Every structure is written in structure tokens, then in C-alpha cells.
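Each remark here refers to the structure printed beneath this line.
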Amino acid sequence: MNIAAPNTYLAGFRLRSITGIWYRHALVLRRNLLTSLSWYFVEPFVILMAIGIGVGTLVDSVDGVPYAKFVTPGVIIGSAMFHAIFECAWGGFMRIQKGVYETTLTAPVSTREIAMGDLAWSMTRAVLTAVCIGTVAALFGWIDNVSGVGVLLAAALVGMQFGALGLIFAALSPNVHILSLTFTVVASPLYFFSGAFFPISVMPDWVEPLAWAAPLTPSVHLARGFVTGDLGMSHLYSALYVVALTAVLFPIAASLLRRRLVK
Amino acid sequence: MKGQSDGPVIRATGISKQFGETVAVDGVSFEVSRGETYGLLGPNGAGKTTTMRMVSGLSPLTAGELTVAGIDVSRQAREVRNILGVVTQEDGLDTDLDAKSNLTTYGFIAGLSRKEAEKRADAVLMFFDLTDKADGEIDYLSGGMKRRLAIARAFMTNPQVIVLDEPTTGLDPQGRNRVWQELDTMKQAGVTILMSTHYMDEATALCDRLAIMHHGKILAEGAPDEVVNRHAGPEVAQVRVSNGVRQDVVGWIEGAGFDYREAGAIITVTSRNGERPDLSGLEGVRVSYRSSNLEDVFLAMAGRKLTDE
Ligand SMILES: Nc1ncnc2c1ncn2[C@@H]1O[C@H](COP(=O)(O)OP(=O)(O)OP(=O)(O)O)[C@@H](O)[C@H]1O
Ligand SMILES: [Mg+2]
């Protein structure tokens with residue numbers, strides 16, 4: 001008979017499907033460790049230096065916070081978002097095209113579990129990049145609070161949230177040209193209007209509510225709260241907003257993936 | 001234990017699949033017994049892949065009943081995939097991983113422990129003669145190696161039932177021969193195989209029974225020689241013609257009511273009455289006879305139902 005172990009389930013998810021897919025992604029990272037480092041480390045590091053130090057000499061402080069310290073949580077959250085979107089939108093699309101998901105489905109795996117496994121990994125990626133940049137920022141003294149560790153939580157939430165969004169784009173895009181809109185039309189604008197580089201309050205009054213509702217803004221706010229150590233109810237609401245968005249996006253992602261893969 | 005019951009391993013009863021307006025599979029019934037190799041043949045678009053995807057629990061049925069090892073595919077697709085090894089028409093290899101990792105990650109996802117997956121991958125690589133490619137990039141493997149790796153992957157969990165969609169398409173004769181030998185070894189070990197192929201010699205060499213599909217229906221079913229005998233007769237005639245007489249010869253054959261196929265200078269003629277076609281009335285050309293094969297069945301059917309759009 002088949003030599004596979006019996007399946008264990010949690011809330012309807014077969015656990016091995018999720019850990020197995022996570023393991024696959026981890027192996028890919030290990031195989032490409034050096035090139036991946038540039039992704040996790042070099043690029044956000046360059047942004048942090050250029051903006052934190054470069055722009056920081058022009059801009060003294062924002063709301064009483066030194067500019068480098070102001071921008072650090074924004075860069076961390078932005079990087080977390082790009083990692084999650086890249087993994088799930090680009091990577092997910094490639095796995096659809098190359099039949100990798102199809103192969104995975106020939107094992108006793110469901111499309112929901114594929115989506116969950118990918119989300120687990122995009123969360124991991126987001127946390128990894130947050131650890132890399134956060135360490136550098138801490139060395140420069142731009143993160144000097146114990147509560148700064150909380151940016152990892154914020155990054156984890158972003159990883160799940162944009163992992164789900166990324167999978168939605170992967171499942172919907174008929175080709176790479178449309179897929180690339182995820183980066184140009186979605187990710188980049190979100191990044192620059194998330195309050196990462198300047199406070200939302202400097203924008204015209206009518207834009208402000210829009211900026212706050214945009215999916216990345218609450219996470220930047222949350223991360224900044226952890227970094228400055230100045231946490232309030234607004235940070236709790238931000239976290240809940242992100243969790244709620246993810247809870248809505250995940251089932252959409254899973255069912256779109258199913259529509260794309262199971263015919 | 002479930003799946004060890006007597007009776008057919010695969011039992012399809014009137015299964016259908018519709019994609020929008022397209023009826024890909026149209027009320028097909030067949031059974032595959034334990035240890036048997038069952039082949040699906042038919043032109044492009046006949047419905048072979050769709051049938052196999054339904055059997056594999058990858059594509060929900062529009063209608064009909066389908067059990068694998070006694071498990072209802074419509075209700076427990078996951079359980080079915082737990083039992084089966086599946087090789088899809090595309091290799092579906094993961095180009096971000098090396099050859100061996102393709103096997104180990106699949107095995108791990110399918111439920112093996114990491115250690116078992118390692119051990120099993122080594123054994124399977126050895127069996128498919130891919131050991132020296134274990135660390136190789138997928139993109140650098142030849143088409144034949146990729147195909148064999150995809151087949152090897154399906155054997156990671158040591159399944160007793162395997163579904164193979166066109167195992168040797170795109171391989172050179174040597175590569176095909178090799179896959180045949182490997183599949184034959186699996187057969188000897190008692191593995192039940194459902195496979196599709198476009199190659200008549202492959203079907204003849206591997207399949208205990210086969211079905212010829214067209215437009216989503218099974219037109220003929222049985223052991224290869226049985227199907228050949230029933231639908232093309234024991235022997236076919238081959239007429240070698242030069243261009244000058246071609247038209248006259250074709251006219252004569254049509255007039256006599258035989259089915260024929262032209263390929264280069266050879267016209268192959270089958271009769272519809274189960275006997276060898278009598279061409280003694282045809283003068284001035286060389287006629288030879290040979291035993292019929294599955295190719296001739298297609299020819300014979302083309303004269304009737306297999307007419308392509
Ligand atoms: N996902 C799909 N959506 C719409 N139509 C489909 C889909 N999959 C298959 N079909 C149609 O169903 C029919 C049967 O296709 P199928 O792939 O089963 O044929 P096949 O016998 O495997 O052919 P081939 O020898 O080319 O592999 C074809 O008309 C095909 O266009
Ligand atoms: Mg096919």
C-alpha cells in the first residue's frame with residue numbers, strides 16, 4: 001500500500017499540505033541564499049541609507065521624531081509588502097503557469113491549503129526582511145525601544161495580507177503584462193502614500209481618509225508606534241483592520257485559485 | 001482496509017465532463033482490474049486527459065459515477081489522490097528546485113517524513129536511472145529525463161494505482177523504450193496502470209486492454225489484438241502506386257467499398273467484413289498483405305465514425 005503517513009487536520013486544513021509547501025519555499029530560499037540576500041537586505045538597506053541619512057539631513061524631524069527614525073518603520077513595512085506580493089503574485093503566477101500547483105494538487109492537497117501554505121511563507125519572508133533591516137536600523141540607533149521588536153508583528157500581518165492580495169492577482173492575471181500592474185499600479189502607489197515617507201497629515205484634506213483606508217497605511221502606523229514606543233488605541237485598530245482585511249482577502253484568494261486550477 | 005476490496009480498482013459508470021458548451025467526455029464507462037494496464041487512445045481532443053483528470057480527483061465530474069479502490073471520487077477526491085500516483089500530461093516540474101528536491105518536496109507534501117522522502121527519492125532516482133542528475137537544474141535536463149523525473153515523482157509514495165497521461169510523448173525511440181521497460185517492471189510488481197498514448201505500438205506493448213475514444217465517447221474496447229481483429233480484420237493490404245495510376249487505383253478501391261489511407265506511395269486498405277480485403281481484381285500494381293495493427297483500426301474507423309471535423 002501507499003507509504004504516506006495518515007493525514008492530520010486542523011480546522012479542515014491538512015497540516016502536512018501547509019508545512020510541505022512552506023518547506024518547499026524554504027528550500028528555494030536556501031538554494032538561492034546569496035541572490036536572495038540582495039532582496040532581503042541590500043535593497044531596503046540602500047533605501048534606508050539614502051532616505052534616512054540623505055533626506056534626513058534636509059528634513060530635521062517629523063512630529064518631533066528624527067527623520068531616519070520616522071522613515072525606518074515605513075521602509076520595513078514597505079519591504080515586507082514587496083516580499084509578500086512578489087512571492088504570491090509573481091511566484092504564484094509562475095507556479096500556475098509551470099504546472100507546479102497542478103503537481104502539488106496530485107498529492108492529497110486542496111487549493112485552500114496551497115493558498116495557506118503560500119501565505120505562511122509570504123509571512124515568513126516579510127518577517128525575515130524585517131529582521132534584516134531592523135537589525136541594521138537598531139545598530140544605527142533608529143530603533144532603540146524594546147517595543148521595536150513589535151515591527152516584526154506588523155511585518156507578519158503585512159506578509160499575510162499582501163500574500164493574499166498577491167495570490168488574487170496571480171489567479172486573475174491572464175498574462176505577465178497584466179500581472180505587472182500589481183507592482184506599478186498597486187504596490188508602488190500604496191508604498192508612497194502609506195505614510196512611510198511623510199505623514200498622512202501633509203496631504204490634502206480630502207485625500208487623507210483615502211490614504212488611511214489604503215491597505216498599507218495602518219501597518220506603517222502600527223510599526224511606527226512600536227518603533228517610537230508611543231502606542232495607543234489607534235494602533236490596536238490598525239492591527240484589527242489589517243487582520244480583518246486579510247480574513248476577507250484569504251477566502252477570495254483561495255476560491256479564485258480554485259477557479260483557475262480546478263476545471 | 002479501504003482500497004483493498006475485490007472488484008475493479010477503477011470503475012467509471014457513465015461519466016461526463018462539460019466545459020461550457022464543449023462536451024469533453026460524454027457518458028463513458030469502463031473498469032480497470034487490479035494489476036491491469038488500461039490504455040486510452042484517440043485523436044487530439046478526444047477526451048483522454050479529461051477522463052484521467054476526473055479519475056485522479058483533479059476535475060469534478062459533470063455526471064456519472066466514479067470509484068477508485070471503492071472510494072467515490074466525487075465525494076472524496078482527496079482520499080483518492082492519497083492512493084493514486086498521477087503523471088499529468090505536462091511534466092509540472094518545479095524549476096526552482098533541483099531534480100532530487102522535486103522528489104523529496106513532493107514526497108513530503110504527500111505525507112512522507114523528511115527521512116523517508118530522502119530514502120525513497122534515492123531509490124526512485126536509481127530505478128529511473130537519474131541518480132547522477134540528482135543535483136541537476138531542471139532546465140538543463142533533456143526532455144526524456146524530465147519526463148522520467150515526472151514519472152518518478154508519482155512513484156514517491158509507492159502507489160499501487162498510477163495514472164499516466166502520455167508517458168512517452170516527445171521522447172526519442174530509446175527514451176520511449178526505457179520508459180516502457182520501467183513501466184513493465186512496475187506492471188510485474190502488480191501496479192495498476194491507467195494510461196493514455198498516441199502510439200499504437202506503445203499501447204500494444206503495454207496495455208492489457210484499451211479503449212479508443214473519440215469526441216468524448218468510447219468507440220471500441222478490448223485487448224489490443226481483439227480490437228484489431230474486430231475492427232480492422234486480421235490482415236490489411238498495401239498497394240504501392242506510382243502517381244500515374246494513383247487515381248485509377250483509388251477509384252477502384254472506393255468502388256469496391258474498402259476503407260483506405262494514403263501515405264506517400266503506399267495505400268493501405270482495410271475491409272469491413274473481418275476478412276482480408278480481396279484486391280485480386282486490381283491489375284497492374286503490386287499488392288502485399290501484412291497483419292493488422294492498431295493504426296489500421298484508426299484507419300478503419302476513420303472511414304466510418306472517426307471522421308474528424
Ligand atoms: N479547461 C478546459 N476548458 C475548456 N475546454 C476544455 C478544457 N480542457 C479540455 N477541454 C476540451 O475538452 C476536449 C477534450 O480535451 P482533452 O484534453 O481531454 O483531450 P485529449 O484526448 O487529452 O487530447 P490530446 O491528445 O490533445 O491530449 C477538447 O475539446 C478540449 O478543447
Ligand atoms: Mg491529453
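In the C-alpha cells, each chain is lettered A, B, ... as it comes, each chain's residues begin at 1, and ligands are numbered from 1 in order of appearance.
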
What's the 8 Å shell around region 175-179 of chain A, counting only C-alpha atoms, without same-chain residues fewer than 3 positions away, as a PyMOL selection string? chain A and resi 89-90+169-170+182-183

Taking only C-alpha atoms into account, report as a ChimeraX atom specification which residues of chain A lie within 9 Å of chain B. /A:1-7,16-21,23-24,27-28,31,95,98-110,261-263

Around ligand 1, at most 9 Å away and counting only C-alpha atoms and all ligand atoms, which residues are there? Put them as JSON, numbers by chain, please. {"A": [261, 262, 263], "B": [17, 18, 19, 20, 21, 22, 23, 24, 25, 40, 41, 42, 43, 44, 45, 46, 47, 48, 49, 50, 51, 52, 53, 89, 165, 166, 196, 197, 198, 213, 214, 215, 216]}

Env of Asp230 (chain A): 12 Å cut, atoms = only C-alpha atoms, seq-sep filter 3 positions within chain, self excluded. Answer as a PyMOL selection string. chain A and resi 65+145-148+150+221-227+233-235

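Nearest to ligand 2 of all the residues B:Ala152, B:Ile71, B:Ala12, B:Leu164 is B:Leu164, based on only C-alpha atoms and all ligand atoms.
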
Give the helix (DSSP H, G or I) residues of region 12-216 of chain B, as assigned by DSSP on the backbone, as a VMD selection string. chain B and resid 48 to 55 77 to 83 99 to 110 114 to 127 131 to 133 138 to 140 143 to 154 173 to 188 200 to 206

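Going from CA of Phe250 (chain A) to CA of Ala171 (chain A) covers 12.4 Å.
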
Counting only C-alpha atoms, what is within 10 Å of region 124-136 of chain A, bar same-chain residues fewer than 5 positions away, as number ranges by chain? A: 22, 25-26, 29, 37, 39-45, 48, 72-73, 75-85, 87, 118-119, 141-143, 148-149, 151-160, 162-163, 227

What lies within 12 Å of Ser280 (chain B) using only C-alpha atoms, ignoring chain neighbours under 6 positions off, as a PyMOL selection string? chain B and resi 237+239+252-253+256+286-289

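CA of Leu190 (chain A) to CA of Thr246 (chain A) spans 16.3 Å [interatomic distance, one decimal].
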